[in-house]
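Working notes for the structure below.
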Amino acid sequence: MDLGGLNESQRAAVCCIDGPLLVLAGAGSGKTRVITHRIAYMLERGIRPESIVALSFTNKAADEMRERLARMVGRRAGELVLGTFHSLGVRMMRARPEDFGVPKKFSILDQGDVYGLIRSILRDEGIHFAGADRRFDPGAIVQRISLWKNAFITPAQAQDPDKIESDYDEVAAEVYGPYEERLASLGAVDFDDLVCRIARALKSSDAAREYWQARFSHVLVDEYQDTNKAQFEVLRELVGARQNLCVVGDDDQAIYGWRGAKVANILGFDMYFPSAVTIKLEENYRSCAPILDCANAVIVNNQGRHDKVLLPQRDGGEPVTEVLAEDGPQETNWVTSRIRQLIKEEGVPGHAIAVLYRSTRQARSVEERLQEHGLAYRVLGGQAMYDKKQVKDALAYLKVLIYPTDEIAVRRAMNVPSRGIGGKSLERLLAHASAQRLSLMEAIHRCDDVPGIGGRPADGLRRFSELVRFGQSRMYASGSAALALRELLDRVALRDHVMRELGSSEAAAHRWADVERLLASVERFEQRAREAGQRRARWNEFFGSMTLERDKKDAGEDAGARGQVTLATLHSAKGLEWPVVFIIGCEEGIMPHKRVDAPRISDAIAGDVEEERRLFYVGITRARDRLFLTRAAARFERGRQVKCLPSRFLEELPEAVTRYNISTEESLTVEKIESMADAFLAKLALAKEAAASEDKRRRGAARR
DNA sequence: CTTGCTCTAGTTAGG
DNA sequence: CTAGAGCAAG
């Protein structure tokens, strides 16, 4: 294998395949190359692909890795165990459910399902909190439970009065137990279970541990700084005494502490694995020196970190520019017209430009302006396709057709569009179902037998029951679920329902397009199953992938092809790069965000300024050639004009940064100041000279 | 049970 | 200022 294209430390990281290895990969240091070369190298050394596990945090990263490897090693790439922690969890649970205490056919709840579950528990349990006349955001509760689960804190431990610091902690602790019970009774797991149940089982069961340790020989983890306690435990148990564990990450880019990631995992790697080798990748091939100077200058202000620095490998580069606007509109105006100038006058393609911001709401004003300029853009992140309501509604109908026993799907479908079936009716149905040992769907089919149900709800139930029967008969007759689903959705007029829910027809059309995409993907899936000669499509796989995978952008639809400017939060920009980057809103309160800096608010989870600094650092290191940092002196907030101070991180930037004030059009650089000084001195010298010659002349005149 | 109005709170995000 | 949730009336 040719390792010639790699530098010395990269080569070392590729070739050190046994034992624990920590690769500290600075931004832009060729991390992905190292990972792919390393796996190819391992294959070359005769390690079986199916015993190599390579984990990352997003499906996108995993797909990219797989593609690159396919190019390097061909079809063997397909035999690697390559994916996210969660996909590994699903894989292990599906293979040996008995190891992990889950039913053979467990279902995976997505965020929306979990929210619904928490809401219904809050309602049922509501009496307990009658004293507190507060509303509780299910999101904050879900987040706490998730953090607890990933830290192996049981419902009982969560109720420890010493640990409870706010009423949110209290409510969440109260909900936690019932939540776990409901999951069990639904035969379902949530995303957190996919990791922490694996960790628990491997710890407690010798048989499970031995089996899985024998199955996997080498483990590699990307973005290791983002791992949490549960993920760390999975890794530790999986690699066993051999400790063939290679972790790649950058503590300076740890920006997910708020969702439970433990920087300690990377900072203390050699404490957990004393024989660990550490390799630093510090050469940066991405950005020009002025940008890296900024990055280095900012990040040194953090305390707990591995000592390293980004070494520029590219020549030249123009100074980083700090831009001051009077207010928000002026800031976005300036950014968008600068973008327009770059594209129209300087020939920079749109996809080479990104606007980054701290919080999603900041995107809107930029979007509006870009639209006015007629510039194409895309917004990164946002809601996943499968998380959108209409898609989930359609998906629920599909599940009802294929798995009528799926209670979650039935509950969802039965009231979309609303058929007049409320909580009371559902309660009666469920009671009847469990008494008669029926599934919810069966109970609905026989709703006339259910005591206490009549009138409007009964009508709605009968209509729903008939609808499902219709759909199923169409499915059996045609042999295609996609076709049956299409007819079913037609009949319920889901499209009209979507249109009605959203006033504007444009927004509705947009959302309906997502449903069309779902239908298309169902069709493709069935098509593939037919081609593979399966008697029945493996719907389990389909639904599993719908829950686990965010929508993949259709090939050719990416930003590059359409020359779109990218809008992204600093979080979702991680791992990406652009020639030109704007970071907007560089102000105290936005970045660092006020919820982080403020003295711990009782119902907020304490954040930390160092993480905000790392976020800023991530933003800076996204830029290849040019970087603009903008801020406004004042903003409209909640209808009021508020003064804004520059972010403390701006003060940490080196002197060489250009400072530009939009209103006064003043632009000052060190070079400018120097050249101004030169000019001044030259003038001075000239004046002196003139004065001297004048003097001479005068003296001469006087002599004469 | 649904609809429409009022009130309130207001990071970041992935599987 | 807005979106989403809660509440009261139909």
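The chains in the structure tokens are called A, B, ... from first to last as shown; in each chain the residues are counted from 1, and the ligands are counted from 1 in the order shown.
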
Proximity of chain C to chain A: per-residue shortest pair, 12 Å limit, only C-alpha atoms (C1' of nucleotides), as CSV:
```
residue,atom,partner,partner_atom,distance
C:DC1,C1',A:Arg638,CA,5.6
C:DT2,C1',A:Arg638,CA,9.5
C:DA3,C1',A:Arg361,CA,11.7
C:DG4,C1',A:Asp137,CA,10.8
C:DA5,C1',A:Arg135,CA,9.0
C:DG6,C1',A:Arg135,CA,9.0
```

Since we have the selection now, will you write its residues out, keeping all heavy atoms, as a short mmCIF file (atom, residue, chain, number, x, y, z; two decimals), in the first residue's frame?
```cif
data_model
loop_
_atom_site.label_atom_id
_atom_site.label_comp_id
_atom_site.auth_asym_id
_atom_site.auth_seq_id
_atom_site.Cartn_x
_atom_site.Cartn_y
_atom_site.Cartn_z
P DC C 1 -44.05 43.74 17.87
OP1 DC C 1 -44.32 44.92 17.08
OP2 DC C 1 -45.10 43.09 18.65
"O5'" DC C 1 -43.40 42.65 16.93
"C5'" DC C 1 -42.00 42.73 16.66
"C4'" DC C 1 -41.54 41.36 16.23
"O4'" DC C 1 -40.96 40.71 17.38
"C3'" DC C 1 -42.65 40.45 15.74
"O3'" DC C 1 -42.15 39.66 14.68
"C2'" DC C 1 -43.00 39.61 16.97
"C1'" DC C 1 -41.64 39.51 17.67
N1 DC C 1 -41.73 39.42 19.15
C2 DC C 1 -41.18 38.32 19.81
O2 DC C 1 -40.65 37.44 19.13
N3 DC C 1 -41.25 38.26 21.16
C4 DC C 1 -41.82 39.24 21.85
N4 DC C 1 -41.86 39.13 23.19
C5 DC C 1 -42.39 40.38 21.21
C6 DC C 1 -42.32 40.43 19.87
P DT C 2 -43.00 38.68 13.86
OP1 DT C 2 -42.75 38.82 12.43
OP2 DT C 2 -44.39 38.70 14.39
"O5'" DT C 2 -42.24 37.37 14.37
"C5'" DT C 2 -42.52 36.15 13.74
"C4'" DT C 2 -42.36 35.04 14.74
"O4'" DT C 2 -42.37 35.51 16.09
"C3'" DT C 2 -43.53 34.08 14.61
"O3'" DT C 2 -42.98 32.80 14.36
"C2'" DT C 2 -44.24 34.16 15.94
"C1'" DT C 2 -43.12 34.62 16.88
N1 DT C 2 -43.57 35.31 18.10
C2 DT C 2 -43.11 34.85 19.33
O2 DT C 2 -42.37 33.89 19.45
N3 DT C 2 -43.58 35.54 20.42
C4 DT C 2 -44.44 36.63 20.41
O4 DT C 2 -44.77 37.19 21.45
C5 DT C 2 -44.87 37.06 19.09
C7 DT C 2 -45.79 38.23 18.96
C6 DT C 2 -44.42 36.39 18.00
P DA C 3 -43.67 31.94 13.30
OP1 DA C 3 -42.83 31.94 12.09
OP2 DA C 3 -45.11 32.28 13.21
"O5'" DA C 3 -43.52 30.53 14.04
"C5'" DA C 3 -42.30 30.25 14.72
"C4'" DA C 3 -42.60 29.43 15.95
"O4'" DA C 3 -43.04 30.30 17.03
"C3'" DA C 3 -43.70 28.38 15.77
"O3'" DA C 3 -43.28 27.20 16.40
"C2'" DA C 3 -44.91 28.99 16.47
"C1'" DA C 3 -44.24 29.79 17.58
N9 DA C 3 -44.99 30.93 18.07
C8 DA C 3 -45.78 31.79 17.34
N7 DA C 3 -46.32 32.74 18.06
C5 DA C 3 -45.85 32.50 19.34
C6 DA C 3 -46.06 33.15 20.57
N6 DA C 3 -46.82 34.23 20.70
N1 DA C 3 -45.45 32.65 21.66
C2 DA C 3 -44.68 31.56 21.52
N3 DA C 3 -44.41 30.86 20.42
C4 DA C 3 -45.03 31.38 19.35
P DG C 4 -43.89 25.81 15.96
OP1 DG C 4 -42.82 25.04 15.32
OP2 DG C 4 -45.18 26.07 15.25
"O5'" DG C 4 -44.22 25.15 17.36
"C5'" DG C 4 -43.37 25.42 18.47
"C4'" DG C 4 -44.21 25.47 19.73
"O4'" DG C 4 -44.85 26.76 19.84
"C3'" DG C 4 -45.34 24.43 19.76
"O3'" DG C 4 -45.27 23.75 21.00
"C2'" DG C 4 -46.61 25.25 19.63
"C1'" DG C 4 -46.19 26.56 20.26
N9 DG C 4 -46.94 27.74 19.86
C8 DG C 4 -47.37 28.09 18.60
N7 DG C 4 -48.03 29.22 18.58
C5 DG C 4 -48.02 29.65 19.90
C6 DG C 4 -48.59 30.80 20.50
O6 DG C 4 -49.21 31.72 19.95
N1 DG C 4 -48.36 30.85 21.87
C2 DG C 4 -47.69 29.89 22.58
N2 DG C 4 -47.57 30.09 23.88
N3 DG C 4 -47.15 28.80 22.04
C4 DG C 4 -47.36 28.74 20.70
P DA C 5 -46.10 22.43 21.23
OP1 DA C 5 -45.14 21.32 21.25
OP2 DA C 5 -47.26 22.39 20.32
"O5'" DA C 5 -46.63 22.68 22.71
"C5'" DA C 5 -45.87 23.54 23.58
"C4'" DA C 5 -46.81 24.15 24.59
"O4'" DA C 5 -47.43 25.34 24.04
"C3'" DA C 5 -47.96 23.24 25.01
"O3'" DA C 5 -48.15 23.34 26.42
"C2'" DA C 5 -49.16 23.79 24.25
"C1'" DA C 5 -48.83 25.27 24.20
N9 DA C 5 -49.43 25.98 23.07
C8 DA C 5 -49.44 25.60 21.76
N7 DA C 5 -50.04 26.45 20.96
C5 DA C 5 -50.46 27.46 21.81
C6 DA C 5 -51.16 28.66 21.59
N6 DA C 5 -51.57 29.06 20.38
N1 DA C 5 -51.41 29.45 22.66
C2 DA C 5 -51.00 29.05 23.88
N3 DA C 5 -50.32 27.94 24.21
C4 DA C 5 -50.08 27.18 23.11
P DG C 6 -49.12 22.39 27.18
OP1 DG C 6 -48.39 21.92 28.37
OP2 DG C 6 -49.70 21.42 26.24
"O5'" DG C 6 -50.25 23.40 27.66
"C5'" DG C 6 -49.87 24.48 28.53
"C4'" DG C 6 -51.08 25.36 28.73
"O4'" DG C 6 -51.45 25.96 27.46
"C3'" DG C 6 -52.32 24.62 29.23
"O3'" DG C 6 -52.92 25.42 30.25
"C2'" DG C 6 -53.22 24.51 27.99
"C1'" DG C 6 -52.83 25.76 27.22
N9 DG C 6 -53.00 25.69 25.78
C8 DG C 6 -52.59 24.67 24.94
N7 DG C 6 -52.86 24.90 23.68
C5 DG C 6 -53.50 26.14 23.69
C6 DG C 6 -54.03 26.90 22.62
O6 DG C 6 -54.04 26.63 21.41
N1 DG C 6 -54.59 28.09 23.06
C2 DG C 6 -54.64 28.50 24.37
N2 DG C 6 -55.21 29.68 24.61
N3 DG C 6 -54.14 27.79 25.39
C4 DG C 6 -53.59 26.63 24.97
#
```

For region 402-404 of chain A, find every residue with an atom within 10 Å (counting only C-alpha atoms (C1' of nucleotides)), except residues of its own chain fewer than 5 positions away, and show them as a VMD selection string. chain A and resid 396 to 397 409 to 410 439 to 442 468 471 to 472 475 481 539 to 540

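Residues surrounding Leu43 (chain A) within 9 Å are A:Arg38, A:Ile39, A:Ile47, A:Arg48, A:Pro49, A:Ile52, A:Val73, A:Arg76 [only C-alpha atoms (C1' of nucleotides); sequence separation below 4 positions excluded].
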
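DSSP annotation of region 20-204 of chain A from backbone atoms: strand (DSSP E or B) residues are A:Leu21, A:Leu22, A:Val23, A:Leu24, A:Ala25, A:Ile52, A:Val53, A:Ala54, A:Leu55, A:Ser56, A:Val81, A:Leu82, A:Gly83, A:Thr84, A:Ser107, A:Ile108, A:Ala188, A:Val189.
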
Check: which chain B residues lie within 10 Å of chain A using only C-alpha atoms (C1' of nucleotides), as a list in words: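 Only these qualify: DC1, DT2, DT8, DG10, DT11, DT12, DA13, DG14 and DG15 of chain B.
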
Just N, CA, C and O atoms (P, O5', C5', C4', C3', O3' and C1' of nucleotides) for this one: save the residues we selected as a tab-separated table (two decimals), in the first residue's frame.
```tsv
chain	number	residue	atom	x	y	z
B	1	DC	P	-62.49	13.19	23.73
B	1	DC	O5'	-63.07	14.01	22.49
B	1	DC	C5'	-63.54	13.37	21.33
B	1	DC	C4'	-63.62	14.44	20.26
B	1	DC	C3'	-62.26	15.03	19.90
B	1	DC	O3'	-62.19	15.26	18.49
B	1	DC	C1'	-63.67	16.73	20.76
B	2	DT	P	-60.86	15.80	17.85
B	2	DT	O5'	-61.30	17.25	17.37
B	2	DT	C5'	-62.54	17.42	16.69
B	2	DT	C4'	-62.85	18.90	16.58
B	2	DT	C3'	-61.69	19.73	16.04
B	2	DT	O3'	-62.15	20.50	14.94
B	2	DT	C1'	-62.51	20.67	18.07
B	8	DT	P	-48.71	34.76	30.84
B	8	DT	O5'	-47.52	33.81	30.39
B	8	DT	C5'	-47.77	32.44	30.07
B	8	DT	C4'	-46.52	31.88	29.43
B	8	DT	C3'	-45.24	32.59	29.86
B	8	DT	O3'	-44.24	31.62	30.03
B	8	DT	C1'	-45.45	32.70	27.52
B	10	DG	P	-37.54	29.78	28.20
B	10	DG	O5'	-36.88	29.65	26.76
B	10	DG	C5'	-37.76	29.36	25.65
B	10	DG	C4'	-37.16	30.00	24.42
B	10	DG	C3'	-35.75	30.50	24.62
B	10	DG	O3'	-35.08	30.39	23.41
B	10	DG	C1'	-37.08	32.29	24.03
B	11	DT	P	-33.92	29.98	22.81
B	11	DT	O5'	-33.24	28.85	23.63
B	11	DT	C5'	-31.84	28.76	23.72
B	11	DT	C4'	-31.12	28.80	22.38
B	11	DT	C3'	-31.41	27.62	21.47
B	11	DT	O3'	-30.93	27.93	20.16
B	11	DT	C1'	-29.36	27.33	22.57
B	12	DT	P	-31.31	27.00	18.98
B	12	DT	O5'	-30.02	26.09	18.89
B	12	DT	C5'	-28.80	26.67	18.49
B	12	DT	C4'	-27.73	25.63	18.59
B	12	DT	C3'	-28.19	24.24	18.20
B	12	DT	O3'	-27.64	23.92	16.93
B	12	DT	C1'	-26.93	24.22	20.25
B	13	DA	P	-28.56	23.12	15.91
B	13	DA	O5'	-28.23	21.64	16.33
B	13	DA	C5'	-26.88	21.23	16.45
B	13	DA	C4'	-26.88	19.73	16.47
B	13	DA	C3'	-27.87	19.13	15.49
B	13	DA	O3'	-27.18	18.20	14.69
B	13	DA	C1'	-28.39	18.43	17.72
B	14	DG	P	-27.88	17.65	13.41
B	14	DG	O5'	-27.68	16.09	13.64
B	14	DG	C5'	-26.39	15.58	13.99
B	14	DG	C4'	-26.58	14.29	14.71
B	14	DG	C3'	-27.59	13.37	14.02
B	14	DG	O3'	-26.87	12.42	13.26
B	14	DG	C1'	-27.95	13.45	16.39
B	15	DG	P	-27.65	11.47	12.28
B	15	DG	O5'	-27.95	10.20	13.19
B	15	DG	C5'	-26.85	9.53	13.81
B	15	DG	C4'	-27.41	8.54	14.79
B	15	DG	C3'	-28.46	7.60	14.21
B	15	DG	O3'	-28.06	6.26	14.41
B	15	DG	C1'	-29.27	8.59	16.19
```

Compile the contact shell of DA8 (chain C) as a PyMOL selection string: residues with an atom at most 12 Å away, counting only C-alpha atoms (C1' of nucleotides), same-chain residues fewer than 3 positions apart removed. chain B and resi 2-6

Spatial neighbours of Tyr224 (chain A), 7 Å, only C-alpha atoms (C1' of nucleotides), chain gap at least 4 places, as a list in words: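 What passes the distance filter is Val247, Val248, Gly249 and Ile266 of chain A.
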
Restrict the selected residues to N, CA and C atoms and save them as a PDB file, in the first residue's frame.
```pdb
ATOM      1  N   VAL A 247      -8.781   5.590  18.801  1.00  0.00           N
ATOM      2  CA  VAL A 247      -9.739   6.689  18.835  1.00  0.00           C
ATOM      3  C   VAL A 247      -9.126   7.917  18.174  1.00  0.00           C
ATOM      4  N   VAL A 248      -9.939   8.584  17.386  1.00  0.00           N
ATOM      5  CA  VAL A 248      -9.472   9.765  16.674  1.00  0.00           C
ATOM      6  C   VAL A 248     -10.367  10.926  17.058  1.00  0.00           C
ATOM      7  N   GLY A 249      -9.774  12.026  17.445  1.00  0.00           N
ATOM      8  CA  GLY A 249     -10.617  13.150  17.817  1.00  0.00           C
ATOM      9  C   GLY A 249      -9.801  14.390  18.116  1.00  0.00           C
ATOM     10  N   ILE A 266     -11.455  11.801  26.211  1.00  0.00           N
ATOM     11  CA  ILE A 266     -10.277  12.022  25.356  1.00  0.00           C
ATOM     12  C   ILE A 266      -9.122  12.607  26.155  1.00  0.00           C
TER      13      ILE A 266
END
```
